[in-house]
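Novice: What follows is target16.tsv, TSV, C-alpha atoms and all ligand atoms.
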chain	number	residue	atom	x	y	z
A	1	MET	CA	-8.53	-40.32	13.17
A	2	SER	CA	-9.37	-37.54	10.76
A	3	THR	CA	-8.37	-37.18	7.14
A	4	GLY	CA	-8.28	-33.38	7.50
A	5	ALA	CA	-6.18	-31.93	4.72
A	6	PRO	CA	-2.58	-31.17	5.71
A	7	PRO	CA	-1.05	-27.83	4.67
A	8	VAL	CA	0.22	-28.16	1.10
A	9	ARG	CA	3.05	-26.14	-0.44
A	10	ARG	CA	2.99	-26.47	-4.20
A	11	LEU	CA	6.15	-26.01	-6.22
A	12	ASP	CA	5.60	-24.32	-9.57
A	13	ALA	CA	6.70	-26.20	-12.68
A	14	ALA	CA	9.90	-24.18	-13.08
A	15	SER	CA	10.98	-24.85	-9.48
A	16	SER	CA	10.25	-28.54	-9.83
A	17	ALA	CA	12.22	-28.67	-13.09
A	18	GLU	CA	15.10	-26.81	-11.44
A	19	LEU	CA	15.30	-29.39	-8.62
A	20	HIS	CA	15.13	-32.37	-10.98
A	21	ARG	CA	17.68	-30.84	-13.36
A	22	THR	CA	20.13	-29.99	-10.55
A	23	ALA	CA	19.78	-33.50	-9.09
A	24	GLY	CA	20.31	-35.04	-12.53
A	25	GLU	CA	23.51	-33.06	-13.06
A	26	ILE	CA	24.88	-34.06	-9.66
A	27	LEU	CA	24.02	-37.72	-10.22
A	28	ALA	CA	25.67	-37.63	-13.66
A	29	ALA	CA	28.82	-36.18	-12.10
A	30	PHE	CA	29.06	-38.64	-9.19
A	31	GLY	CA	27.35	-41.73	-10.59
A	32	THR	CA	25.83	-42.60	-7.19
A	33	SER	CA	23.80	-41.06	-4.38
A	34	ALA	CA	26.06	-42.73	-1.79
A	35	THR	CA	27.53	-39.72	-0.06
A	36	SER	CA	31.18	-38.75	-0.13
A	37	PRO	CA	32.47	-35.48	1.35
A	38	GLU	CA	32.69	-34.20	-2.24
A	39	LEU	CA	29.08	-35.08	-3.02
A	40	LEU	CA	27.89	-33.47	0.22
A	41	ALA	CA	29.88	-30.32	-0.58
A	42	THR	CA	28.26	-30.15	-4.02
A	43	ILE	CA	24.82	-30.64	-2.48
A	44	ALA	CA	25.44	-27.74	-0.08
A	45	GLU	CA	26.54	-25.42	-2.88
A	46	SER	CA	23.64	-26.38	-5.10
A	47	ALA	CA	21.12	-26.08	-2.25
A	48	ALA	CA	22.39	-22.57	-1.50
A	49	ASP	CA	21.85	-21.67	-5.18
A	50	LEU	CA	18.24	-22.91	-5.34
A	51	GLY	CA	15.72	-20.33	-6.43
A	52	GLY	CA	13.80	-18.10	-4.03
A	53	ALA	CA	10.48	-19.84	-4.68
A	54	ILE	CA	11.91	-23.18	-3.59
A	55	ARG	CA	13.50	-21.69	-0.48
A	56	GLU	CA	10.22	-20.01	0.42
A	57	HIS	CA	8.47	-23.38	0.24
A	58	LEU	CA	11.10	-24.88	2.50
A	59	ARG	CA	10.65	-22.33	5.30
A	60	PRO	CA	10.09	-23.87	8.75
A	61	VAL	CA	6.83	-25.55	9.61
A	62	ASP	CA	4.59	-22.61	10.52
A	63	THR	CA	1.26	-24.03	11.67
A	64	ASP	CA	0.11	-26.10	14.64
A	65	ASP	CA	-0.19	-29.06	12.24
A	66	GLY	CA	3.57	-29.34	12.68
A	67	LEU	CA	4.01	-30.55	9.11
A	68	PHE	CA	3.48	-29.75	5.46
A	69	VAL	CA	3.30	-31.64	2.19
A	70	LEU	CA	5.53	-30.40	-0.62
A	71	ARG	CA	3.84	-31.03	-3.95
A	72	GLY	CA	4.96	-30.54	-7.55
A	73	LEU	CA	7.92	-32.90	-7.90
A	74	THR	CA	7.43	-35.80	-10.28
A	75	VAL	CA	8.30	-39.49	-10.28
A	76	ASP	CA	8.37	-41.61	-13.43
A	77	ASP	CA	6.96	-44.95	-12.29
A	78	THR	CA	8.70	-46.84	-15.10
A	79	ARG	CA	12.10	-45.20	-14.78
A	80	ILE	CA	12.46	-45.82	-11.05
A	81	GLY	CA	12.17	-49.57	-11.67
A	82	PRO	CA	10.64	-52.10	-9.31
A	83	THR	CA	10.31	-51.43	-5.60
A	84	PRO	CA	13.34	-53.00	-3.90
A	85	ALA	CA	12.62	-56.06	-1.75
A	86	SER	CA	14.37	-54.47	1.24
A	87	TRP	CA	16.43	-51.39	2.07
A	88	ALA	CA	19.56	-53.52	1.74
A	89	GLU	CA	18.75	-54.26	-1.89
A	90	ALA	CA	17.90	-50.66	-2.72
A	91	GLY	CA	21.45	-49.39	-3.25
A	92	ASP	CA	21.28	-46.67	-5.92
A	93	ARG	CA	17.72	-47.36	-7.08
A	94	ALA	CA	15.97	-44.10	-7.94
A	95	ALA	CA	19.20	-42.36	-6.93
A	96	GLY	CA	18.16	-39.10	-8.62
A	97	HIS	CA	15.38	-38.86	-6.06
A	98	ASP	CA	17.89	-39.43	-3.25
A	99	ILE	CA	19.72	-36.35	-4.54
A	100	VAL	CA	16.48	-34.34	-4.67
A	101	MET	CA	15.84	-35.33	-1.04
A	102	LEU	CA	19.37	-34.27	-0.09
A	103	LEU	CA	18.97	-30.90	-1.84
A	104	LEU	CA	15.71	-30.26	0.02
A	105	ALA	CA	17.24	-31.44	3.31
A	106	ALA	CA	20.31	-29.24	2.89
A	107	ALA	CA	18.09	-26.25	2.08
A	108	MET	CA	16.26	-26.77	5.40
A	109	GLY	CA	19.23	-27.59	7.63
A	110	ASN	CA	21.88	-30.22	8.19
A	111	PRO	CA	21.09	-33.74	6.91
A	112	ILE	CA	22.03	-36.54	9.30
A	113	ALA	CA	22.76	-40.25	9.01
A	114	TRP	CA	23.44	-43.06	11.48
A	115	LYS	CA	26.26	-45.54	11.19
A	116	GLY	CA	23.92	-48.27	12.44
A	117	GLN	CA	21.00	-47.58	10.05
A	118	GLN	CA	20.69	-48.58	6.40
A	119	GLY	CA	24.43	-48.80	5.83
A	120	GLY	CA	25.02	-45.24	7.03
A	121	ARG	CA	23.22	-43.69	4.04
A	122	PHE	CA	21.70	-40.22	4.35
A	123	VAL	CA	18.58	-41.19	2.39
A	124	HIS	CA	16.77	-44.33	3.52
A	125	ASN	CA	14.46	-46.55	1.50
A	126	ILE	CA	11.24	-47.43	3.32
A	127	VAL	CA	9.75	-50.56	1.78
A	128	PRO	CA	7.95	-53.58	3.24
A	129	ALA	CA	10.30	-56.54	3.70
A	130	VAL	CA	9.57	-60.27	3.97
A	131	GLY	CA	9.90	-61.43	7.58
A	132	HIS	CA	9.40	-57.93	9.04
A	133	GLU	CA	5.60	-57.80	8.62
A	134	GLN	CA	5.01	-57.46	12.37
A	135	ALA	CA	7.97	-55.25	13.27
A	136	GLN	CA	7.75	-51.76	14.76
A	137	THR	CA	10.00	-50.36	12.02
A	138	GLY	CA	9.45	-48.89	8.58
A	139	ALA	CA	9.91	-52.39	7.04
A	140	SER	CA	6.64	-53.65	8.55
A	141	SER	CA	3.25	-53.95	6.87
A	142	ASP	CA	0.64	-56.15	8.62
A	143	VAL	CA	0.67	-54.10	11.82
A	144	LEU	CA	-0.06	-50.51	12.69
A	145	LEU	CA	3.25	-48.70	13.02
A	146	SER	CA	2.43	-46.91	16.26
A	147	PRO	CA	2.85	-43.15	16.48
A	148	HIS	CA	6.41	-42.27	17.40
A	149	THR	CA	9.02	-39.57	17.45
A	150	GLU	CA	11.71	-40.56	14.95
A	151	ASP	CA	14.82	-41.91	16.72
A	152	ALA	CA	13.26	-40.91	20.05
A	153	PHE	CA	15.96	-42.78	22.00
A	154	HIS	CA	18.68	-40.41	20.83
A	155	PRO	CA	19.53	-36.81	21.81
A	156	CYS	CA	20.76	-36.08	18.25
A	157	ARG	CA	17.50	-37.17	16.62
A	158	ALA	CA	16.20	-35.16	13.70
A	159	HIS	CA	14.34	-31.89	14.07
A	160	LEU	CA	12.69	-32.56	10.70
A	161	LEU	CA	11.75	-35.87	9.15
A	162	MET	CA	11.16	-36.02	5.39
A	163	LEU	CA	9.23	-38.78	3.65
A	164	GLY	CA	9.32	-38.62	-0.15
A	165	CYS	CA	6.94	-40.88	-2.04
A	166	MET	CA	8.17	-42.94	-4.99
A	167	ARG	CA	5.20	-45.28	-5.25
A	168	ASN	CA	2.00	-45.88	-3.28
A	169	HIS	CA	-0.56	-47.68	-5.48
A	170	ASP	CA	-2.70	-48.75	-2.51
A	171	HIS	CA	-2.83	-45.25	-0.98
A	172	ILE	CA	-1.38	-46.41	2.32
A	173	ALA	CA	-1.43	-43.54	4.78
A	174	THR	CA	1.24	-42.18	7.04
A	175	THR	CA	-0.34	-40.96	10.28
A	176	ALA	CA	0.63	-37.75	12.04
A	177	ALA	CA	-0.49	-36.23	15.34
A	178	SER	CA	0.63	-32.83	16.62
A	179	ILE	CA	1.16	-32.08	20.31
A	180	ARG	CA	0.01	-28.53	19.53
A	181	LYS	CA	-3.50	-29.86	18.85
A	182	VAL	CA	-4.02	-32.01	21.93
A	183	ARG	CA	-5.99	-30.93	24.97
A	184	LEU	CA	-4.37	-31.96	28.24
A	185	GLU	CA	-4.82	-30.78	31.83
A	186	ASP	CA	-1.91	-28.76	33.23
A	187	ALA	CA	-1.43	-31.48	35.84
A	188	ASP	CA	-0.88	-34.10	33.11
A	189	ILE	CA	1.57	-31.83	31.32
A	190	ALA	CA	3.47	-31.36	34.60
A	191	THR	CA	3.55	-35.12	35.24
A	192	LEU	CA	4.72	-35.96	31.73
A	193	SER	CA	7.40	-33.27	31.88
A	194	ARG	CA	9.19	-35.21	34.65
A	195	PRO	CA	11.94	-37.58	33.51
A	196	GLU	CA	10.49	-40.84	34.74
A	197	LEU	CA	11.12	-43.45	32.02
A	198	PRO	CA	13.76	-44.14	29.39
A	199	ILE	CA	13.08	-44.57	25.65
A	200	LEU	CA	15.03	-47.59	24.41
A	201	PRO	CA	16.60	-47.94	20.94
A	202	ASP	CA	14.15	-49.29	18.38
A	203	ASP	CA	14.56	-52.47	16.35
A	204	ALA	CA	16.26	-50.58	13.51
A	205	TYR	CA	19.30	-50.21	15.83
A	206	PHE	CA	20.55	-53.68	16.57
A	207	GLU	CA	23.90	-52.56	18.01
A	208	ALA	CA	22.44	-49.86	20.25
A	209	GLN	CA	20.09	-52.44	21.77
A	210	GLY	CA	23.15	-54.23	23.18
A	211	PHE	CA	24.58	-51.05	24.78
A	212	ALA	CA	25.68	-51.68	28.36
A	213	GLY	CA	25.11	-48.21	29.88
A	214	GLU	CA	22.18	-47.26	32.11
A	215	PRO	CA	19.20	-45.96	30.05
A	216	PRO	CA	18.52	-42.34	31.03
A	217	ASP	CA	15.04	-41.31	32.17
A	218	VAL	CA	13.70	-38.62	29.85
A	219	PRO	CA	10.65	-36.33	29.91
A	220	THR	CA	7.81	-37.08	27.46
A	221	LEU	CA	6.78	-33.42	27.17
A	222	TRP	CA	8.81	-30.24	27.28
A	223	ARG	CA	7.84	-26.59	27.06
A	224	SER	CA	10.23	-24.92	24.62
A	225	ALA	CA	10.28	-21.17	24.03
A	226	ASP	CA	7.76	-21.55	21.20
A	227	GLY	CA	5.45	-24.06	22.84
A	228	LEU	CA	4.98	-27.66	23.89
A	229	THR	CA	7.18	-30.37	22.32
A	230	LEU	CA	7.19	-34.13	22.74
A	231	ARG	CA	9.51	-37.11	22.68
A	232	PHE	CA	7.33	-40.19	22.45
A	233	ASP	CA	7.73	-43.80	21.48
A	234	PRO	CA	5.41	-46.06	23.49
A	235	ALA	CA	6.53	-49.25	21.72
A	236	TYR	CA	10.03	-48.76	23.17
A	237	THR	CA	9.11	-47.19	26.52
A	238	PRO	CA	8.93	-49.55	29.56
A	239	LEU	CA	5.60	-48.18	30.78
A	240	GLU	CA	5.22	-51.04	33.24
A	241	LYS	CA	7.95	-49.36	35.31
A	242	ALA	CA	6.07	-46.07	35.61
A	243	THR	CA	4.05	-44.93	38.62
A	244	PRO	CA	0.29	-45.38	38.15
A	245	ALA	CA	-0.07	-41.58	37.95
A	246	TYR	CA	2.50	-41.31	35.17
A	247	ARG	CA	0.99	-44.19	33.27
A	248	ALA	CA	-2.50	-42.70	33.49
A	249	ALA	CA	-1.25	-39.33	32.21
A	250	TYR	CA	0.66	-41.10	29.41
A	251	GLU	CA	-2.50	-42.97	28.42
A	252	ARG	CA	-4.46	-39.70	28.28
A	253	LEU	CA	-1.74	-38.25	26.03
A	254	GLU	CA	-1.94	-41.32	23.78
A	255	ALA	CA	-5.72	-40.98	23.53
A	256	GLU	CA	-5.44	-37.28	22.67
A	257	LEU	CA	-2.80	-37.98	20.01
A	258	ALA	CA	-5.13	-40.60	18.52
A	259	ARG	CA	-7.97	-38.06	18.55
A	260	VAL	CA	-6.03	-35.40	16.64
A	261	SER	CA	-4.19	-37.82	14.33
A	262	VAL	CA	-4.48	-37.21	10.59
A	263	ALA	CA	-3.92	-39.72	7.80
A	264	VAL	CA	-1.71	-38.51	4.96
A	265	SER	CA	-1.63	-40.78	1.92
A	266	LEU	CA	1.30	-39.60	-0.15
A	267	ASP	CA	1.24	-39.68	-3.94
A	268	PRO	CA	4.42	-40.13	-5.98
A	269	GLY	CA	6.48	-36.95	-5.97
A	270	GLU	CA	5.02	-35.64	-2.73
A	271	VAL	CA	7.33	-35.02	0.20
A	272	LEU	CA	5.91	-34.95	3.72
A	273	VAL	CA	7.96	-32.79	6.07
A	274	VAL	CA	7.24	-33.45	9.74
A	275	ASP	CA	8.52	-31.43	12.67
A	276	ASN	CA	9.87	-34.24	14.85
A	277	ASP	CA	9.51	-32.13	18.03
A	278	LEU	CA	5.82	-31.40	17.47
A	279	VAL	CA	4.48	-34.41	15.62
A	280	VAL	CA	4.52	-38.17	16.11
A	281	HIS	CA	4.10	-40.19	12.95
A	282	GLY	CA	3.18	-43.78	12.16
A	283	ARG	CA	1.62	-45.82	9.38
A	284	VAL	CA	-1.61	-47.76	8.94
A	285	PRO	CA	-1.41	-51.56	8.47
A	286	PHE	CA	-1.41	-52.91	4.92
A	287	LYS	CA	-0.91	-56.08	2.94
A	288	ALA	CA	2.48	-56.10	1.24
A	289	ARG	CA	2.46	-57.18	-2.42
A	290	TYR	CA	6.10	-58.35	-2.70
A	291	ASP	CA	5.92	-58.14	-6.49
A	292	GLY	CA	7.99	-55.04	-7.19
A	293	THR	CA	5.00	-52.68	-7.03
A	294	ASP	CA	4.94	-52.12	-3.26
A	295	ARG	CA	4.78	-48.79	-1.53
A	296	TRP	CA	8.19	-47.11	-1.60
A	297	LEU	CA	9.25	-44.03	0.33
A	298	LYS	CA	12.57	-42.20	0.56
A	299	ARG	CA	13.36	-40.86	4.04
A	300	ALA	CA	15.76	-38.16	5.15
A	301	SER	CA	16.43	-36.60	8.55
A	302	VAL	CA	17.49	-33.04	9.20
A	303	ARG	CA	18.95	-31.14	12.15
A	304	VAL	CA	18.20	-27.42	12.25
A	305	PRO	CA	21.26	-25.60	13.65
A	306	GLY	CA	20.58	-23.31	16.59
A	307	ARG	CA	17.10	-24.61	17.26
A	308	GLY	CA	16.26	-24.46	20.98
A	309	SER	CA	13.57	-27.09	21.04
A	310	ARG	CA	15.22	-29.66	23.31
A	311	PRO	CA	15.70	-29.86	27.09
A	312	PRO	CA	19.31	-28.90	27.93
A	313	ALA	CA	19.70	-32.13	29.96
A	314	GLU	CA	19.63	-34.12	26.70
A	315	ALA	CA	23.16	-32.95	25.94
A	316	ALA	CA	24.50	-35.34	28.61
A	317	GLU	CA	22.78	-38.46	27.21
A	318	HIS	CA	24.93	-41.28	25.84
A	319	GLY	CA	22.58	-42.12	22.95
A	320	TYR	CA	23.22	-45.83	23.54
A	321	GLY	CA	26.57	-45.57	21.79
A	322	GLN	CA	24.99	-44.66	18.44
A	323	ALA	CA	26.90	-41.97	16.60
A	324	VAL	CA	25.08	-39.52	14.40
A	325	THR	CA	26.83	-38.37	11.24
A	326	LYS	CA	26.13	-34.78	10.26
A	327	ALA	CA	26.53	-33.86	6.61
A	328	TYR	CA	28.14	-30.55	7.55
A	329	ALA	CA	30.27	-29.48	10.50
A	330	ALA	CA	27.87	-27.46	12.67
B	401	LIG	O1	5.86	-45.70	6.29
B	401	LIG	C1	5.57	-44.61	6.77
B	401	LIG	O2	4.68	-43.89	6.31
B	401	LIG	C2	6.33	-44.09	7.96
B	401	LIG	C3	7.37	-45.06	8.39
B	401	LIG	C4	8.21	-44.45	9.47
B	401	LIG	O3	7.88	-44.39	10.61
B	401	LIG	C5	9.48	-43.87	9.09
B	401	LIG	O4	9.88	-44.04	7.95
B	401	LIG	O5	10.13	-43.26	9.94
B	402	FE	FE	9.35	-43.31	11.81
Give the structure from this file in structure tokens form.
Ligand SMILES: O=C(O)CCC(=O)C(=O)O
Ligand SMILES: [Fe+2]

Specialist:
Amino acid sequence: MSTGAPPVRRLDAASSAELHRTAGEILAAFGTSATSPELLATIAESAADLGGAIREHLRPVDTDDGLFVLRGLTVDDTRIGPTPASWAEAGDRAAGHDIVMLLLAAAMGNPIAWKGQQGGRFVHNIVPAVGHEQAQTGASSDVLLSPHTEDAFHPCRAHLLMLGCMRNHDHIATTAASIRKVRLEDADIATLSRPELPILPDDAYFEAQGFAGEPPDVPTLWRSADGLTLRFDPAYTPLEKATPAYRAAYERLEAELARVSVAVSLDPGEVLVVDNDLVVHGRVPFKARYDGTDRWLKRASVRVPGRGSRPPAEAAEHGYGQAVTKAYAA
């Protein structure tokens, strides 16, 4: 894994102040970051009014890295209070930053939420939680969170994943690997473009895991109009059911993703924006502190209307009964 520097987009002080001030006004008016239709409408209006410099920084990912880090926002370590012990305890903690995340998300597309994830909230809290140390979810710590496409099991998964850092004293890195940087033989690309295996709902979706319908086989790779894309989550893919040829090609893809993977240790105020069609992300193992000073990220997911980066066959998938909630009617 390399630590090669990711592309950075730096907000100037005025743009950063504008975002924090707008978020503060919205929070003062609503008293919560829990979204109502009224709050979402206000977010859309305010996002549309953001200055040109901010909008320029929020243009689509435009390099083969498939991601960028937005710098320049600030987090007051004292004001945000202690890191919550779990997402369920987070509620409105650091709610002003939830609003900043929503403004950024709405400026880039259509924020989404899931009824079955973190109480249906549009901004998730990613913190280590007691009892989840070994899980393959954002609540884990002791284990490597293996590289994955966010919500890979679902056809309505995000186009963009945003991770905003509140606190990260131990400099624990998120990992990111772009399909546009791997070297694969054409034959492997052809093999992995065949729908041969399903991707099952991950452990963050308890209800979906009990869904009775037949899991659809989906392709791992797909050539969209602007290049190769991937849909990849080995921890939830029954590879033992694959043909030896498919499994071998999948293993070569995994090895290539590991080779090109970069480690991004976010500092407070930084927001990592990952193109979920180009990049798989994960997290290195770490020892949770469980003393209120743990690593704390805010996460938001965004659909980009009109984007043609998904195989048309996905439209017929059942998504294991999980309904996506879009902030705005498409
Ligand atoms: O903790 C991280 O850096 C990433 C966790 C993750 O996979 C996610 O929040 O989707
Ligand atoms: Fe993730």

Novice: As a quick test: using all atoms listed in the file, which residues lie no more than 8 Å away from ligand LIG 401 (chain B)? Give them as number ranges by chain.

Specialist: A: 126-127, 137-139, 145, 147-148, 150, 161, 163, 172-175, 281-284, 297, 299

Novice: Point out the residue among A:Lys241, A:His124, A:Arg93, A:Arg59 with the least atom-to-atom distance to ligand FE 402 (chain B), counting only C-alpha atoms and all ligand atoms.

Specialist: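 Looking at the shortest contact to ligand FE 402 (chain B), the residue is A:His124.
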
Novice: Distance atom CA of Val182 of chain A-atom CA of Pro201 of chain A, one decimal place?

Specialist: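 Going from atom CA of Val182 of chain A over to atom CA of Pro201 of chain A covers 26.1 Å.
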
Novice: Which residues, written as a list in words, have at least one atom at most 9 Å from Leu239 of chain A, with all atoms listed in the file counted and residues fewer than 6 positions away on the same chain left out?

Specialist: Leu197, Tyr246, Arg247 and Tyr250 of chain A

Novice: Quote the spacing between atom CA of Glu251 of chain A and atom CA of Arg157 of chain A in Å to one decimal place.

Specialist: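 So the two atoms, atom CA of Glu251 of chain A and atom CA of Arg157 of chain A, lie 23.9 Å apart.
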
Novice: Compare A:Asn276, A:Ser16, A:Thr243, A:Ser309 by their minimum atom-to-atom distance to Ala53 of chain A, counting all atoms listed in the file, and give me the closest one.

Specialist: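 Closest to Ala53 of chain A of all the choices is A:Ser16.
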
Novice: Compare A:Gln209, A:Gln322, A:Gln134, A:Thr229 by their minimum atom-to-atom distance to Val280 of chain A, counting only C-alpha atoms, and give me the closest one.

Specialist: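 Closest residue, counting only C-alpha atoms: A:Thr229.
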
Novice: List the neighbours of Arg307 of chain A out to 12 Å using only C-alpha atoms; skip same-chain residues closer than 5 positions along the sequence, and give me the result as a PyMOL selection string.

Specialist: chain A and resi 60+109-110+158-160+224-226+275+277+302+312

Novice: Counting only C-alpha atoms, which residue out of A:Trp87, A:Met101, A:Asp233, A:Leu40 sits closest to Tyr328 of chain A?

Specialist: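 Answer, going by the shortest atom-to-atom distance: A:Leu40.
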
Novice: Set the distance at 12 Å and use only C-alpha atoms: which residues neighbour Pro7 of chain A once local chain neighbours fewer than 2 positions away are removed? I'd like the list as an NGL selection string.

Specialist: :A and (4-5 or 9-10 or 57 or 61-71 or 262 or 264 or 271-274)

Novice: Please, what distance in Å, to one decimal, runs between atom CA of Ala249 of chain A and atom CA of Leu192 of chain A?

Specialist: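 Rounded to one decimal, the two atoms are 6.9 Å apart.
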
Novice: Name all residues at most 12 Å from Ala44 of chain A (count all atoms listed in the file; drop same-chain ones fewer than 5 positions away) and give them as a PyMOL selection string.

Specialist: chain A and resi 22+26+37-39+49-50+99+102-111+327-329

Novice: At a cut-off of 9 Å, using all atoms listed in the file, what residues contact Ser86 of chain A? Leave out same-chain residues fewer than 3 positions from it and give the result as a PyMOL selection string.

Specialist: chain A and resi 83+89-90+125-130+139

Novice: Using all atoms listed in the file, which of A:Ala315, A:Met162, A:Leu228, A:Ala187 sits nearest ligand FE 402 (chain B)?

Specialist: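 Comparing A:Ala315, A:Met162, A:Leu228, A:Ala187 against ligand FE 402 (chain B), the winner is A:Met162.
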